[in-house]
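Shown here: structure03.txt, compact mmCIF, C-alpha atoms.
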```
# COMPACT_ATOMS: atom_id res chain seq x y z
CA MET A 27 127.82 62.73 74.11
CA ARG A 28 130.85 60.56 74.84
CA LYS A 29 132.25 61.33 71.38
CA ILE A 30 131.89 65.09 71.93
CA TRP A 31 133.68 64.79 75.28
CA THR A 32 136.50 62.83 73.64
CA ILE A 33 136.94 65.49 70.94
CA SER A 34 136.83 68.31 73.51
CA ARG A 35 139.40 66.56 75.65
CA SER A 36 141.65 66.05 72.62
CA VAL A 37 141.40 69.75 71.71
CA LEU A 38 142.23 70.79 75.27
CA VAL A 39 145.21 68.44 75.45
CA GLY A 40 146.37 69.69 72.05
CA LEU A 41 146.14 73.34 73.12
CA ILE A 42 148.18 72.64 76.22
CA LEU A 43 150.79 70.77 74.18
CA VAL A 44 151.06 73.58 71.62
CA LEU A 45 151.47 76.25 74.28
CA ILE A 46 154.17 74.20 76.01
CA VAL A 47 155.99 73.64 72.73
CA SER A 48 155.66 77.33 71.81
CA VAL A 49 157.44 78.27 75.03
CA ILE A 50 160.14 75.64 74.55
CA LEU A 51 160.81 76.65 70.95
CA GLN A 52 161.20 80.36 71.62
CA VAL A 53 164.64 81.10 70.25
CA SER A 54 166.90 83.81 71.66
CA ILE A 55 168.28 86.17 69.05
CA PRO A 56 170.90 88.38 70.70
CA ASN A 57 171.47 90.65 67.70
CA SER A 58 168.37 90.77 65.49
CA GLU A 59 169.05 94.37 64.48
CA VAL A 60 166.85 96.13 61.93
CA VAL A 61 168.60 99.51 61.69
CA THR A 62 171.67 99.73 59.47
CA ASN A 63 174.59 101.83 60.76
CA GLY A 64 172.59 103.13 63.72
CA ASP A 65 175.74 104.49 65.37
CA PHE A 66 176.82 106.43 62.23
CA GLU A 67 180.33 104.96 62.44
CA GLN A 68 180.12 104.32 58.69
CA GLY A 69 179.10 107.87 57.94
CA SER A 70 175.82 108.09 56.05
CA ILE A 71 175.87 104.52 54.69
CA GLY A 72 172.38 103.05 54.93
CA TRP A 73 170.76 106.47 55.33
CA GLU A 74 169.12 108.93 52.92
CA LEU A 75 168.43 112.64 53.35
CA GLY A 76 164.80 113.46 54.11
CA ASP A 77 162.64 115.20 51.52
CA ARG A 78 162.31 118.32 53.66
CA ALA A 79 165.84 118.44 54.99
CA ALA A 80 167.08 121.01 57.49
CA ASN A 81 169.71 123.50 56.34
CA ASP A 82 172.55 121.61 58.05
CA VAL A 83 172.43 117.79 58.30
CA LYS A 84 175.74 116.02 58.79
CA VAL A 85 177.49 113.07 60.45
CA VAL A 86 180.03 114.62 62.85
CA ASP A 87 182.61 113.55 65.43
CA GLU A 88 182.44 116.68 67.58
CA VAL A 89 179.81 115.17 69.89
CA PHE A 90 178.92 111.49 70.31
CA HIS A 91 177.33 109.15 72.79
CA ASP A 92 179.93 107.03 74.51
CA GLY A 93 179.28 103.43 75.49
CA ALA A 94 175.86 102.42 74.18
CA GLY A 95 177.09 99.00 73.16
CA SER A 96 179.17 100.31 70.28
CA ALA A 97 182.88 99.51 69.99
CA GLY A 98 184.44 102.87 70.74
CA GLY A 99 182.30 104.85 68.30
CA ASN A 100 182.89 108.56 67.92
CA ASN A 101 180.28 109.75 65.41
CA SER A 102 176.73 111.05 65.62
CA LEU A 103 174.15 112.72 63.39
CA ARG A 104 173.79 116.49 63.80
CA ILE A 105 170.74 118.48 62.67
CA VAL A 106 170.90 122.27 62.95
CA GLY A 107 167.58 124.10 62.89
CA PRO A 108 164.12 122.76 62.05
CA GLY A 109 163.60 120.16 59.35
CA GLU A 110 164.25 116.55 58.48
CA GLY A 111 167.56 114.76 58.87
CA TYR A 112 168.23 111.21 57.68
CA ARG A 113 165.71 108.50 56.98
CA GLN A 114 165.93 104.75 56.50
CA ASP A 115 163.38 102.48 54.81
CA TRP A 116 163.21 98.68 54.87
CA THR A 117 161.17 95.87 53.47
CA LEU A 118 158.33 95.24 55.89
CA ARG A 119 159.44 93.69 59.18
CA SER A 120 156.92 91.98 61.46
CA VAL A 121 156.68 93.36 64.98
CA THR A 122 157.05 90.34 67.25
CA PRO A 123 156.65 90.43 71.04
CA GLU A 124 159.47 92.27 72.81
CA THR A 125 160.49 94.39 69.82
CA HIS A 126 162.36 97.37 71.28
CA LEU A 127 163.32 100.78 69.94
CA THR A 128 166.27 102.54 71.55
CA PHE A 129 168.08 105.73 70.60
CA PHE A 130 170.08 108.51 72.23
CA THR A 131 169.57 112.19 71.56
CA LEU A 132 171.20 115.38 72.78
CA LEU A 133 169.50 118.79 72.58
CA LYS A 134 171.73 121.82 72.47
CA ALA A 135 170.10 125.19 73.00
CA VAL A 136 171.41 128.23 71.14
CA THR A 137 171.18 131.72 72.63
CA GLY A 138 168.46 133.79 71.03
CA GLU A 139 166.65 130.78 69.51
CA SER A 140 163.72 128.72 70.65
CA LEU A 141 164.44 125.48 72.51
CA PRO A 142 165.21 122.55 70.17
CA GLN A 143 163.08 119.41 69.87
CA ALA A 144 164.11 116.00 68.60
CA LEU A 145 161.47 114.46 66.32
CA PHE A 146 161.78 110.70 65.72
CA HIS A 147 159.24 109.00 63.43
CA LEU A 148 158.78 105.23 63.20
CA TYR A 149 156.52 104.10 60.34
CA PHE A 150 154.38 100.97 60.55
CA TYR A 151 151.38 99.23 59.04
CA PRO A 152 148.99 98.08 61.79
CA ASP A 153 147.75 95.15 59.68
CA TYR A 154 147.21 94.33 56.00
CA ASN A 155 145.59 97.71 55.43
CA PRO A 156 147.65 99.72 52.87
CA ILE A 157 147.49 102.87 55.03
CA ARG A 158 150.82 103.59 56.71
CA TYR A 159 150.72 104.74 60.33
CA HIS A 160 153.52 106.23 62.40
CA ILE A 161 154.80 106.59 65.95
CA ASP A 162 155.86 110.20 66.55
CA ILE A 163 158.39 110.56 69.36
CA THR A 164 159.16 114.09 70.56
CA VAL A 165 161.97 114.88 73.00
CA THR A 166 161.94 118.42 74.40
CA LEU A 167 163.61 120.60 77.03
CA GLU A 168 160.26 121.60 78.49
CA ASN A 169 159.70 121.41 82.23
CA ARG A 170 156.47 119.40 82.11
CA ASP A 171 155.31 115.88 82.82
CA GLU A 172 158.21 113.68 81.87
CA TYR A 173 156.20 111.32 79.69
CA SER A 174 152.90 111.26 77.83
CA GLU A 175 151.39 109.26 74.98
CA SER A 176 148.20 109.25 72.92
CA SER A 177 146.90 107.81 69.67
CA PHE A 178 145.24 109.51 66.74
CA ASP A 179 143.11 108.13 63.93
CA PRO A 180 143.84 108.75 60.27
CA ASP A 181 142.04 111.55 58.48
CA PRO A 182 141.42 110.36 54.90
CA GLY A 183 143.32 112.43 52.38
CA THR A 184 145.07 114.60 54.95
CA TYR A 185 146.89 112.77 57.73
CA GLN A 186 147.97 109.28 58.69
CA GLY A 187 147.00 107.68 61.98
CA GLY A 188 149.39 106.65 64.68
CA ILE A 189 150.73 107.19 68.18
CA SER A 190 152.22 110.32 69.70
CA VAL A 191 154.83 109.91 72.46
CA ARG A 192 156.41 112.85 74.26
CA PHE A 193 159.45 112.94 76.54
CA ASN A 194 160.02 116.23 78.38
CA ARG A 195 163.46 116.90 79.84
CA ASN A 196 164.97 120.02 81.38
CA ASP A 197 168.65 119.08 81.28
CA PRO A 198 170.26 120.44 78.09
CA ASN A 199 173.65 119.37 76.72
CA SER A 200 173.41 115.79 78.04
CA TRP A 201 172.49 112.60 76.23
CA VAL A 202 168.99 111.22 76.84
CA LYS A 203 168.18 107.55 76.32
CA ILE A 204 164.80 106.85 74.75
CA SER A 205 163.57 103.26 75.02
CA LEU A 206 160.16 101.93 73.97
CA ASP A 207 158.62 98.49 73.59
CA ILE A 208 157.12 98.91 70.12
CA SER A 209 155.03 95.74 70.28
CA ASN A 210 153.32 96.71 73.55
CA LEU A 211 152.82 100.30 72.41
CA ILE A 212 151.06 99.28 69.19
CA ARG A 213 149.00 96.63 70.90
CA LYS A 214 147.92 99.08 73.60
CA HIS A 215 146.59 101.70 71.17
CA PHE A 216 145.47 99.37 68.36
CA PRO A 217 144.33 96.17 70.13
CA ASP A 218 142.32 94.96 67.14
CA ARG A 219 145.33 94.99 64.80
CA PHE A 220 147.18 91.69 65.09
CA ASP A 221 149.91 91.88 62.46
CA PRO A 222 151.82 95.18 62.73
CA ARG A 223 154.86 95.61 60.46
CA ILE A 224 157.45 98.38 60.59
CA SER A 225 158.77 99.96 57.39
CA GLY A 226 161.21 102.75 58.27
CA ILE A 227 162.32 105.66 60.45
CA LEU A 228 162.87 109.38 59.95
CA LEU A 229 165.03 111.59 62.19
CA GLY A 230 164.16 115.25 62.47
CA SER A 231 164.34 118.46 64.47
CA ALA A 232 161.92 121.23 65.37
CA GLU A 233 162.27 124.79 66.58
CA GLY A 234 165.82 126.18 66.94
CA GLY A 235 169.09 124.95 68.34
CA ILE A 236 170.92 121.72 67.50
CA VAL A 237 169.77 118.09 67.80
CA TYR A 238 172.13 115.09 67.81
CA TYR A 239 171.21 111.41 67.35
CA ASP A 240 173.33 108.36 68.11
CA ASP A 241 173.16 104.59 68.74
CA ILE A 242 169.76 103.95 67.14
CA SER A 243 168.53 100.38 67.46
CA ILE A 244 165.38 98.40 66.72
CA ALA A 245 165.71 94.78 67.79
CA THR A 246 163.76 91.87 69.20
CA ASP A 247 164.91 89.62 72.03
CA ARG A 248 163.17 86.55 70.73
CA ILE A 249 160.94 85.11 68.03
CA VAL A 250 158.43 82.28 68.07
CA ASN A 251 159.08 79.26 65.91
CA PRO A 252 156.78 79.41 62.82
CA ILE A 253 155.53 75.88 63.53
CA VAL A 254 153.83 77.08 66.70
CA GLN A 255 152.32 80.38 65.62
CA LEU A 256 149.42 79.62 67.95
CA GLY A 257 151.43 81.42 70.62
CA PHE A 258 150.75 84.68 68.80
CA PHE A 259 147.00 84.57 69.42
CA LEU A 260 147.72 85.23 73.08
CA TYR A 261 149.46 88.41 71.98
CA TYR A 262 147.56 89.85 69.04
CA ASN A 263 144.18 88.17 69.54
CA GLY A 264 143.60 87.47 65.84
CA ILE A 265 140.48 85.31 65.51
CA TRP A 266 141.85 83.50 62.46
CA GLN A 267 144.94 82.61 64.47
CA VAL A 268 142.75 81.12 67.20
CA VAL A 269 140.95 79.00 64.59
CA VAL A 270 144.19 77.88 62.98
CA GLY A 271 145.65 77.20 66.41
CA ALA A 272 142.66 75.03 67.32
CA LEU A 273 143.04 73.03 64.08
CA ILE A 274 146.74 72.58 64.80
CA SER A 275 145.87 71.43 68.30
CA ILE A 276 143.41 68.84 67.00
CA GLY A 277 146.03 67.59 64.57
CA ILE A 278 148.66 67.30 67.30
CA SER A 279 146.28 65.51 69.64
CA ALA A 280 145.36 63.06 66.88
CA LEU A 281 149.03 62.47 66.18
CA VAL A 282 149.77 61.84 69.86
CA LYS A 283 146.84 59.42 70.03
CA ARG A 284 148.07 57.54 66.98
CA ILE A 285 151.60 57.27 68.38
CA TYR A 286 150.18 55.95 71.64
CA GLU A 287 148.04 53.35 69.86
CA ARG A 288 151.04 52.16 67.85
CA ALA A 289 153.15 51.91 70.98
CA ASN A 290 150.36 49.99 72.76
CA PRO A 291 148.68 47.79 70.11
CA ARG A 292 145.52 45.98 71.07
CA THR A 293 145.35 42.23 70.89
CA LYS A 294 142.33 40.13 69.93
CA SER A 295 142.11 38.93 73.53
CA ASP A 296 141.80 42.55 74.65
CA ASP A 297 138.88 43.06 72.26
CA LEU A 298 137.20 39.86 73.47
CA MET A 299 137.56 40.97 77.08
CA ARG A 300 135.92 44.30 76.22
CA VAL A 301 132.95 42.38 74.76
```
Spit out the file's structure as structure tokens when you get a sec.
Amino acid sequence: MRKIWTISRSVLVGLILVLIVSVILQVSIPNSEVVTNGDFEQGSIGWELGDRAANDVKVVDEVFHDGAGSAGGNNSLRIVGPGEGYRQDWTLRSVTPETHLTFFTLLKAVTGESLPQALFHLYFYPDYNPIRYHIDITVTLENRDEYSESSFDPDPGTYQGGISVRFNRNDPNSWVKISLDISNLIRKHFPDRFDPRISGILLGSAEGGIVYYDDISIATDRIVNPIVQLGFFLYYNGIWQVVVGALISIGISALVKRIYERANPRTKSDDLMRV
């Protein structure tokens, strides 16, 4: 019984040590940007035209968002009419805590046409499953509830699963900032998926009118040192990570015990006194 208590105490001490170290070793990354040329100041570099492109997709300097952290930029992406604009694909990037998506969009209504909608798609894999999911963000000029979100499951052979987010605005011809915590959004709707990875974005437009995009950013404020990945089990609740974390904790506690014993060696007299 005493041996079990000793092991349990060691595991508990190890867990506490790992959690403390995981907090200490969180490293700030001020500019861990995923999107290339998100302000379109380099034209279309880093971007490709979507497969179902709208009739008029172009980087322009007629309208631009001023002061979103860019150094005096004066370009934006313009999409006229319904269809896809530019897309960008990456090698898979892990979604760590505090991964944020930010972009600015401007909807310009045209007389005689239906109100425009900005359609922003973020693609991700919720875990090691090969099925790609997506976050669909719609920005409209409708006078409804300002924000709504829901998730939908994949339909085999027809449609991918994902999350639908809708922002309704009724102020045309002004820039709207869209900001989402991707990590929290995925965790909220897919709590059993503990290793989401993003793979790309697609900018689009629906209905009539003109849609502009500018200052697109996907970045994380911090990462956790790989040595202390135990911290992630508090976030994604992966059972294998809990097991690995426990093993790491036992190892750390054993190491601490060994260091202590070396720093305080027993003498023969100590052993005799114990007897």
Tell me which protein, DNA and RNA residues are within 8 Å of stretch 133-149 of chain A, counting all atoms listed in the file, leaving out same-chain ones fewer than 4 positions away, and put them as a compact mmCIF listing (two decimals) with C-alpha atoms, in the frame of the given file.
```txt
# COMPACT_ATOMS: atom_id res chain seq x y z
CA GLY A 107 167.58 124.10 62.89
CA ARG A 158 150.82 103.59 56.71
CA TYR A 159 150.72 104.74 60.33
CA HIS A 160 153.52 106.23 62.40
CA ILE A 161 154.80 106.59 65.95
CA ASP A 162 155.86 110.20 66.55
CA ILE A 163 158.39 110.56 69.36
CA THR A 164 159.16 114.09 70.56
CA VAL A 165 161.97 114.88 73.00
CA THR A 166 161.94 118.42 74.40
CA LEU A 167 163.61 120.60 77.03
CA PRO A 198 170.26 120.44 78.09
CA ASN A 199 173.65 119.37 76.72
CA SER A 200 173.41 115.79 78.04
CA TRP A 201 172.49 112.60 76.23
CA ILE A 224 157.45 98.38 60.59
CA SER A 225 158.77 99.96 57.39
CA GLY A 226 161.21 102.75 58.27
CA ILE A 227 162.32 105.66 60.45
CA LEU A 228 162.87 109.38 59.95
CA LEU A 229 165.03 111.59 62.19
CA GLY A 230 164.16 115.25 62.47
CA SER A 231 164.34 118.46 64.47
CA ALA A 232 161.92 121.23 65.37
CA GLU A 233 162.27 124.79 66.58
CA GLY A 234 165.82 126.18 66.94
CA GLY A 235 169.09 124.95 68.34
CA ILE A 236 170.92 121.72 67.50
CA VAL A 237 169.77 118.09 67.80
CA TYR A 238 172.13 115.09 67.81
```
(message) What does the structure give for the distance between atom CA of A:Leu211 and atom CA of A:Arg192, in Å to one decimal?
(response) 13.2 Å
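Here atom CA of A:Asp115 stands at a distance of 21.0 Å from atom CA of A:Val191.
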Would you compute the box with edges along x, y and z of the file around stretch 140-158 of chain A, including every atom the file lists for it and 5 Å extra on each side, and give its centre and edge lengths in Å to one decimal, as lines of an AutoDock Vina configuration file?
```
center_x = 155.4
center_y = 111.5
center_z = 62.7
size_x = 29.6
size_y = 44.4
size_z = 29.6
```
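Going from atom CA of A:Asp87 over to atom CA of A:Asn101, you cover 4.5 Å.
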(message) For a quick check of your reading of the model, name the residues lying within 12 Å of the coordinate (159.8, 95.3, 54.9), counting only C-alpha atoms, and write them as a list in words.
(response) Val60, Val61, Gln114, Asp115, Trp116, Thr117, Leu118, Arg119, Ser120, Val121, Tyr149, Phe150, Tyr151, Pro222, Arg223, Ile224, Ser225 and Gly226 of chain A
Can I get the selection written as a tab-separated table (two decimals), in the frame of the given file, with C-alpha atoms?
```tsv
chain	number	residue	atom	x	y	z
A	60	VAL	CA	166.85	96.13	61.93
A	61	VAL	CA	168.60	99.51	61.69
A	114	GLN	CA	165.93	104.75	56.50
A	115	ASP	CA	163.38	102.48	54.81
A	116	TRP	CA	163.21	98.68	54.87
A	117	THR	CA	161.17	95.87	53.47
A	118	LEU	CA	158.33	95.24	55.89
A	119	ARG	CA	159.44	93.69	59.18
A	120	SER	CA	156.92	91.98	61.46
A	121	VAL	CA	156.68	93.36	64.98
A	149	TYR	CA	156.52	104.10	60.34
A	150	PHE	CA	154.38	100.97	60.55
A	151	TYR	CA	151.38	99.23	59.04
A	222	PRO	CA	151.82	95.18	62.73
A	223	ARG	CA	154.86	95.61	60.46
A	224	ILE	CA	157.45	98.38	60.59
A	225	SER	CA	158.77	99.96	57.39
A	226	GLY	CA	161.21	102.75	58.27
```
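Using all atoms listed in the file for every distance, the candidate list A:Leu281, A:Val89, A:Ala289, A:Ala245 yields A:Ala245 as the residue closest to A:His126.
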(message) Can you pull out the residues contacting A:Gln68? Cut-off 10 Å, using only C-alpha atoms, and skip same-chain residues under 6 positions away; I want them as number ranges by chain.
(response) A: 62, 85, 99, 101
